[in-house]
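Dumped target-v8.txt below, it's compact mmCIF, C-alpha atoms:
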# COMPACT_ATOMS: atom_id res chain seq x y z
CA MET A 283 -4.48 -21.30 -14.52
CA GLU A 284 -7.41 -19.00 -14.90
CA LYS A 285 -8.09 -16.19 -17.35
CA ILE A 286 -9.25 -12.82 -16.08
CA PRO A 287 -9.97 -9.54 -17.91
CA SER A 288 -7.30 -7.20 -16.57
CA VAL A 289 -8.15 -3.50 -16.90
CA THR A 290 -4.63 -2.70 -18.12
CA PHE A 291 -3.63 -5.79 -20.09
CA GLY A 292 -6.88 -7.31 -21.31
CA GLU A 293 -7.15 -11.05 -20.91
CA VAL A 294 -4.35 -12.42 -18.72
CA GLU A 295 -3.65 -15.83 -17.24
CA ILE A 296 -3.18 -16.04 -13.52
CA ASP A 297 -1.96 -18.95 -11.46
CA LYS A 298 -4.69 -19.58 -8.88
CA ASP A 299 -2.09 -20.99 -6.46
CA LYS A 300 -0.23 -17.68 -6.46
CA VAL A 301 -3.14 -15.44 -5.60
CA TYR A 302 -2.67 -13.38 -2.45
CA GLU A 303 -5.48 -12.86 0.00
CA PHE A 304 -5.66 -9.41 1.58
CA PRO A 305 -7.79 -10.12 4.68
CA LEU A 306 -8.19 -6.38 5.36
CA GLY A 307 -8.52 -5.40 1.72
CA ILE A 308 -6.86 -2.19 0.56
CA PRO A 309 -8.24 1.15 1.77
CA GLY A 310 -10.21 2.81 -1.01
CA LEU A 311 -10.64 -0.44 -2.98
CA VAL A 312 -13.71 -1.76 -1.28
CA GLY A 313 -14.69 -5.40 -1.61
CA ILE A 314 -11.54 -6.70 -3.33
CA ASN A 315 -9.52 -9.16 -1.27
CA GLU A 316 -7.76 -11.30 -3.90
CA TYR A 317 -4.79 -10.01 -5.82
CA PHE A 318 -2.15 -11.45 -8.10
CA ILE A 319 1.32 -10.03 -8.75
CA LEU A 320 1.37 -9.63 -12.51
CA GLU A 321 4.79 -9.41 -14.11
CA LYS A 322 5.62 -8.54 -17.70
CA PRO A 323 9.29 -9.20 -18.50
CA GLU A 324 9.45 -6.23 -20.89
CA LEU A 325 8.18 -3.93 -18.13
CA ALA A 326 10.37 -5.13 -15.25
CA PRO A 327 11.05 -3.91 -12.61
CA PHE A 328 7.51 -2.54 -12.69
CA LYS A 329 4.85 -5.01 -11.60
CA TRP A 330 1.10 -4.86 -11.38
CA LEU A 331 -1.19 -5.61 -8.49
CA GLN A 332 -3.90 -7.36 -10.43
CA ALA A 333 -7.27 -7.66 -8.70
CA CYS A 334 -8.74 -11.13 -9.24
CA GLN A 335 -12.26 -9.87 -8.62
CA PRO A 336 -14.40 -7.39 -10.58
CA ASN A 337 -13.64 -4.83 -11.87
CA TYR A 338 -10.23 -6.52 -12.31
CA LEU A 339 -8.33 -3.32 -11.53
CA SER A 340 -4.60 -3.35 -12.10
CA LEU A 341 -2.38 -1.06 -10.08
CA MET A 342 1.22 -0.41 -11.03
CA MET A 343 3.87 -1.17 -8.41
CA LEU A 344 7.61 -0.91 -7.93
CA ASP A 345 9.96 -2.25 -5.30
CA PRO A 346 10.69 0.91 -3.27
CA VAL A 347 14.42 0.14 -3.10
CA PHE A 348 14.58 1.36 -6.71
CA ILE A 349 13.55 4.78 -5.39
CA ASP A 350 15.37 4.78 -2.06
CA ASN A 351 18.01 2.09 -1.68
CA THR A 352 17.85 2.37 2.11
CA TYR A 353 14.11 1.71 2.19
CA GLN A 354 13.15 -1.13 4.49
CA VAL A 355 10.00 -2.30 6.20
CA THR A 356 10.53 -3.83 9.61
CA LEU A 357 7.88 -6.43 10.25
CA THR A 358 6.04 -6.08 13.54
CA GLU A 359 3.31 -8.06 15.22
CA GLU A 360 0.84 -5.62 13.67
CA HIS A 361 1.85 -7.10 10.29
CA THR A 362 2.46 -10.75 11.17
CA LYS A 363 -0.96 -11.06 12.83
CA ILE A 364 -2.36 -10.46 9.36
CA ILE A 365 0.13 -11.95 6.89
CA GLY A 366 1.71 -14.55 9.16
CA ASP A 367 5.35 -14.99 10.10
CA CYS A 368 7.83 -14.12 7.40
CA THR A 369 11.55 -13.54 7.27
CA GLN A 370 12.77 -10.18 6.00
CA GLU A 371 14.40 -12.01 3.07
CA ASP A 372 11.16 -13.68 1.94
CA LEU A 373 8.97 -10.61 2.41
CA ILE A 374 7.94 -8.94 -0.85
CA VAL A 375 7.60 -5.17 -0.56
CA GLN A 376 6.06 -3.06 -3.31
CA SER A 377 4.95 0.56 -3.55
CA LEU A 378 1.90 1.62 -5.50
CA ILE A 379 2.66 3.99 -8.36
CA VAL A 380 0.35 6.70 -9.64
CA VAL A 381 0.97 7.47 -13.30
CA PRO A 382 -0.44 10.85 -14.36
CA GLU A 383 -0.96 11.89 -18.00
CA ASP A 384 2.75 12.70 -18.26
CA PRO A 385 4.35 9.45 -17.07
CA LYS A 386 7.62 11.25 -16.24
CA GLN A 387 5.76 12.71 -13.27
CA MET A 388 4.81 9.32 -11.80
CA THR A 389 4.95 9.05 -8.03
CA ALA A 390 5.37 6.20 -5.57
CA ASN A 391 3.55 5.86 -2.29
CA LEU A 392 6.38 5.15 0.16
CA ILE A 393 4.32 5.67 3.29
CA ALA A 394 1.96 2.75 2.68
CA PRO A 395 3.90 -0.16 1.14
CA LEU A 396 2.22 -3.38 0.13
CA LEU A 397 3.56 -6.43 1.95
CA PHE A 398 3.28 -9.94 0.53
CA ASN A 399 4.13 -13.12 2.41
CA PRO A 400 4.80 -15.82 -0.23
CA ALA A 401 4.62 -18.62 2.38
CA THR A 402 1.08 -17.86 3.52
CA ARG A 403 -0.09 -16.09 0.34
CA LYS A 404 -1.40 -13.25 2.45
CA GLY A 405 -0.82 -9.58 1.91
CA MET A 406 -1.64 -6.20 3.35
CA GLN A 407 -1.03 -2.51 2.94
CA ALA A 408 1.07 -1.34 5.85
CA VAL A 409 1.53 2.22 7.02
CA ILE A 410 5.04 3.01 8.10
CA ASP A 411 6.08 5.87 10.30
CA GLY A 412 6.94 8.69 8.07
CA ARG A 413 6.08 12.11 6.91
CA LYS A 414 3.13 12.86 4.72
CA ASN A 415 5.47 13.93 1.91
CA MET A 416 6.38 10.25 1.46
CA LEU A 417 2.92 9.73 -0.01
CA ARG A 418 3.93 10.99 -3.46
CA VAL A 419 7.64 10.53 -4.10
CA LYS A 420 8.78 11.12 -7.66
CA VAL A 421 10.05 7.93 -9.27
CA ILE A 422 12.06 9.66 -12.01
CA LYS A 423 14.33 12.22 -10.42
CA ASP A 424 14.63 15.57 -12.21
CA MET B 465 -21.10 9.60 17.78
CA LEU B 466 -20.60 8.99 21.46
CA VAL B 467 -19.23 12.11 23.15
CA PHE B 468 -17.47 12.28 26.54
CA SER B 469 -16.11 15.22 28.49
CA ARG B 470 -12.73 14.38 29.97
CA LYS B 471 -10.23 16.29 32.10
CA LYS B 472 -6.47 16.01 31.92
CA ASP B 473 -5.24 12.55 33.04
CA GLU B 474 -8.69 11.04 32.62
CA ALA B 475 -9.15 8.22 30.15
CA ILE B 476 -11.64 6.27 28.10
CA MET B 477 -11.64 2.53 27.57
CA VAL B 478 -12.62 1.09 24.18
CA GLY B 479 -13.34 -2.55 24.80
CA SER B 480 -11.15 -4.02 27.52
CA ASP B 481 -7.74 -3.40 26.00
CA ILE B 482 -7.71 0.02 24.33
CA GLU B 483 -7.16 3.05 26.52
CA LEU B 484 -7.36 6.64 25.31
CA LYS B 485 -5.91 9.06 27.82
CA ILE B 486 -5.89 12.85 27.79
CA ILE B 487 -2.25 13.77 28.40
CA SER B 488 -2.52 17.54 28.13
CA ILE B 489 -4.92 20.20 26.97
CA GLY B 490 -3.57 23.23 25.15
CA ARG B 491 -5.24 26.24 23.60
CA ASP B 492 -6.30 24.44 20.43
CA THR B 493 -4.72 20.99 20.64
CA VAL B 494 -5.12 18.11 23.01
CA LYS B 495 -2.47 15.45 23.44
CA VAL B 496 -4.00 11.99 23.52
CA GLY B 497 -2.12 8.91 24.66
CA ILE B 498 -3.23 5.54 23.36
CA ASN B 499 -2.55 2.16 24.89
CA ALA B 500 -3.60 -0.68 22.61
CA PRO B 501 -2.48 -4.18 21.66
CA ARG B 502 0.42 -4.13 19.19
CA GLN B 503 -1.57 -5.61 16.33
CA ILE B 504 -3.98 -2.66 16.32
CA ALA B 505 -2.98 -0.12 13.70
CA ILE B 506 -3.30 3.47 14.88
CA HIS B 507 -2.87 6.37 12.50
CA ARG B 508 -3.78 10.01 12.23
CA LYS B 509 -7.00 10.10 10.29
CA GLU B 510 -5.71 12.53 7.66
CA ILE B 511 -2.88 10.11 6.81
CA PHE B 512 -5.35 7.24 6.48
CA LEU B 513 -7.65 9.32 4.24
CA ALA B 514 -4.70 10.46 2.09
CA ILE B 515 -3.60 6.84 1.59
CA GLU B 516 -7.13 5.83 0.66
CA GLU B 517 -7.30 8.62 -1.93
CA GLU B 518 -3.86 7.74 -3.31
CA ASN B 519 -4.92 4.08 -3.67
CA ARG B 520 -7.95 5.20 -5.65
CA ASN B 521 -5.71 7.35 -7.84
CA ALA B 522 -3.45 4.34 -8.48
CA ALA B 523 -6.49 2.25 -9.39
CA LEU B 524 -8.25 4.81 -11.58
CA LYS B 525 -5.29 6.11 -13.57
CA THR B 526 -4.93 3.01 -15.67
CA VAL B 527 -1.74 2.99 -17.68
CA ASN B 528 -2.53 3.34 -21.40
CA SER B 529 -0.52 1.96 -24.30
CA ASN B 530 1.48 5.19 -24.80
CA GLN B 531 2.46 5.16 -21.16
CA LEU B 532 3.38 1.47 -21.35
CA ASN B 533 5.68 2.27 -24.26
CA PHE B 534 7.25 5.04 -22.22
CA LEU B 535 7.85 2.54 -19.41
CA LYS B 536 9.45 0.04 -21.78
CA GLY B 537 11.76 2.84 -22.97
CA LEU B 538 12.71 3.53 -19.36
CA VAL B 539 13.58 -0.06 -18.67
CA LYS B 540 15.74 -0.75 -21.70
CA PRO B 541 18.65 1.71 -21.23
CA SER B 542 19.61 0.12 -17.92
CA ASP B 543 19.83 -3.31 -19.58
CA GLU B 544 22.38 -2.22 -22.13
Can the structure from this file be put into structure tokens for me?
Amino acid sequence: MEKIPSVTFGEVEIDKDKVYEFPLGIPGLVGINEYFILEKPELAPFKWLQACQPNYLSLMMLDPVFIDNTYQVTLTEEHTKIIGDCTQEDLIVQSLIVVPEDPKQMTANLIAPLLFNPATRKGMQAVIDGRKNMLRVKVIKD
Amino acid sequence: MLVFSRKKDEAIMVGSDIELKIISIGRDTVKVGINAPRQIAIHRKEIFLAIEEENRNAALKTVNSNQLNFLKGLVKPSDE
């Protein structure tokens, strides 16, 4: 276990063995390749992508099936070359959530899901075929 | 930036396994065909830039304690 100063939660303990390496990083978050999936039982199903390197950013995430129950990412060679082989059942898929001042207006990025392979502890941000309006999909329907 | 002039059906090689081919030339759009190994990600640049910006938004808009409380409120009703 190691303690890191999470931007959102202050000091948090992370299990070093459960850190995911993002070999390609995440576009826009330069120089951060190690992330941990931070879960708070009282905030489930929301999770946080906790950077394990300065500035210890934490980005809110949600499994996209909560937004669209037909949502599925089909793994291709483009993905497995980076995160290694993974069955669809083992693959962890999460969408980044942007929470504006009014949290009711929060949106999920369904065009660029995060993929985590628990077997290899590697992850990536994929880009799926889709329309640009999938970039900001409201989480709480009106 | 390296600049080439190409006619319809002519192509450019990037390395030995990426081919960019001019499929058709219209009044203000060109159609470009790309042959590349499957593991190479190819996206329209505006989509890539939009994703990059959205990632920064997700990173910069840190959830504060009021918003966390709102989230907890959201989660509870479904448990009951």
Got a sec to check which residues sit within 10 Å of (4.1, 12.0, 0.6), counting all atoms listed in the file, and write them as a compact mmCIF listing (two decimals) with C-alpha atoms, in the frame of the given file?
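Everything below was put into out13.txt:
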# COMPACT_ATOMS: atom_id res chain seq x y z
CA THR A 389 4.95 9.05 -8.03
CA ALA A 390 5.37 6.20 -5.57
CA ASN A 391 3.55 5.86 -2.29
CA LEU A 392 6.38 5.15 0.16
CA ILE A 393 4.32 5.67 3.29
CA ALA A 394 1.96 2.75 2.68
CA GLY A 412 6.94 8.69 8.07
CA ARG A 413 6.08 12.11 6.91
CA LYS A 414 3.13 12.86 4.72
CA ASN A 415 5.47 13.93 1.91
CA MET A 416 6.38 10.25 1.46
CA LEU A 417 2.92 9.73 -0.01
CA ARG A 418 3.93 10.99 -3.46
CA VAL A 419 7.64 10.53 -4.10
CA LYS A 420 8.78 11.12 -7.66
CA ILE B 511 -2.88 10.11 6.81
CA ALA B 514 -4.70 10.46 2.09
CA ILE B 515 -3.60 6.84 1.59
CA GLU B 518 -3.86 7.74 -3.31
*With only C-alpha atoms as the atoms that count, which of A:Val301, A:Leu331, A:Leu339, A:Val421 lies nearest to chain B?*
A:Leu339
_Shell of 12 Å around stretch 485-496 of chain B, all atoms listed in the file, local chain residues under 2 positions omitted, as a list in words_ =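 Within the cut-off, the hits are Phe468, Ser469, Arg470, Lys471, Lys472, Asp473, Glu474, Ala475, Ile476, Met477, Val478, Ile482, Glu483, Ile498, Asn499, Ala500 and Arg508 of chain B.
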*Interface residues on chain B facing chain A, 6 Å, all atoms listed in the file, written as a ChimeraX atom specification*: /B:502-503,516,520,522-523,536
Suppose we keep C-alpha atoms; can you now write the selection as an mmCIF file, in the coordinates of the input?
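The result, stored in selection.cif:
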data_model
loop_
_atom_site.group_PDB
_atom_site.id
_atom_site.type_symbol
_atom_site.label_atom_id
_atom_site.label_comp_id
_atom_site.auth_asym_id
_atom_site.auth_seq_id
_atom_site.Cartn_x
_atom_site.Cartn_y
_atom_site.Cartn_z
ATOM 1 C CA ARG B 502 0.420 -4.130 19.190
ATOM 2 C CA GLN B 503 -1.570 -5.610 16.330
ATOM 3 C CA GLU B 516 -7.130 5.830 0.660
ATOM 4 C CA ARG B 520 -7.950 5.200 -5.650
ATOM 5 C CA ALA B 522 -3.450 4.340 -8.480
ATOM 6 C CA ALA B 523 -6.490 2.250 -9.390
ATOM 7 C CA LYS B 536 9.450 0.040 -21.780
#
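The closest residue to B:Leu484, picked from B:Gly497, B:Leu513, B:Leu532, B:Val527 and counting only C-alpha atoms, is B:Gly497.
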*Name the closest residue to A:Met406 among the candidates A:Ile365, A:Leu373, A:Ile319, A:Met283; distances are taken between atoms, counting all atoms listed in the file.*
A:Ile365
*Given only C-alpha atoms as the counted atoms, nearest of A:Thr352, A:Asn337, A:Gln387, A:Thr402 to A:Thr369*: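 Looking at the shortest contact to A:Thr369, the residue is A:Thr402.
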_Å distance separating atom CA of A:Gln332 from atom CA of B:Leu535, one decimal place_ = 17.8 Å
*Between atom CA of B:Glu510 and atom CA of A:Asn399, what is the distance, to one decimal in Å?*
28.0 Å
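Going from atom CA of A:Met388 over to atom CA of A:Ile374, you cover 21.5 Å.
Near A:Pro346, within 8 Å and counting only C-alpha atoms, sit Ile349, Asp350, Asn351, Tyr353, Val375, Gln376, Ser377, Ala390 and Leu392 of chain A; same-chain residues fewer than 3 positions away were not included.
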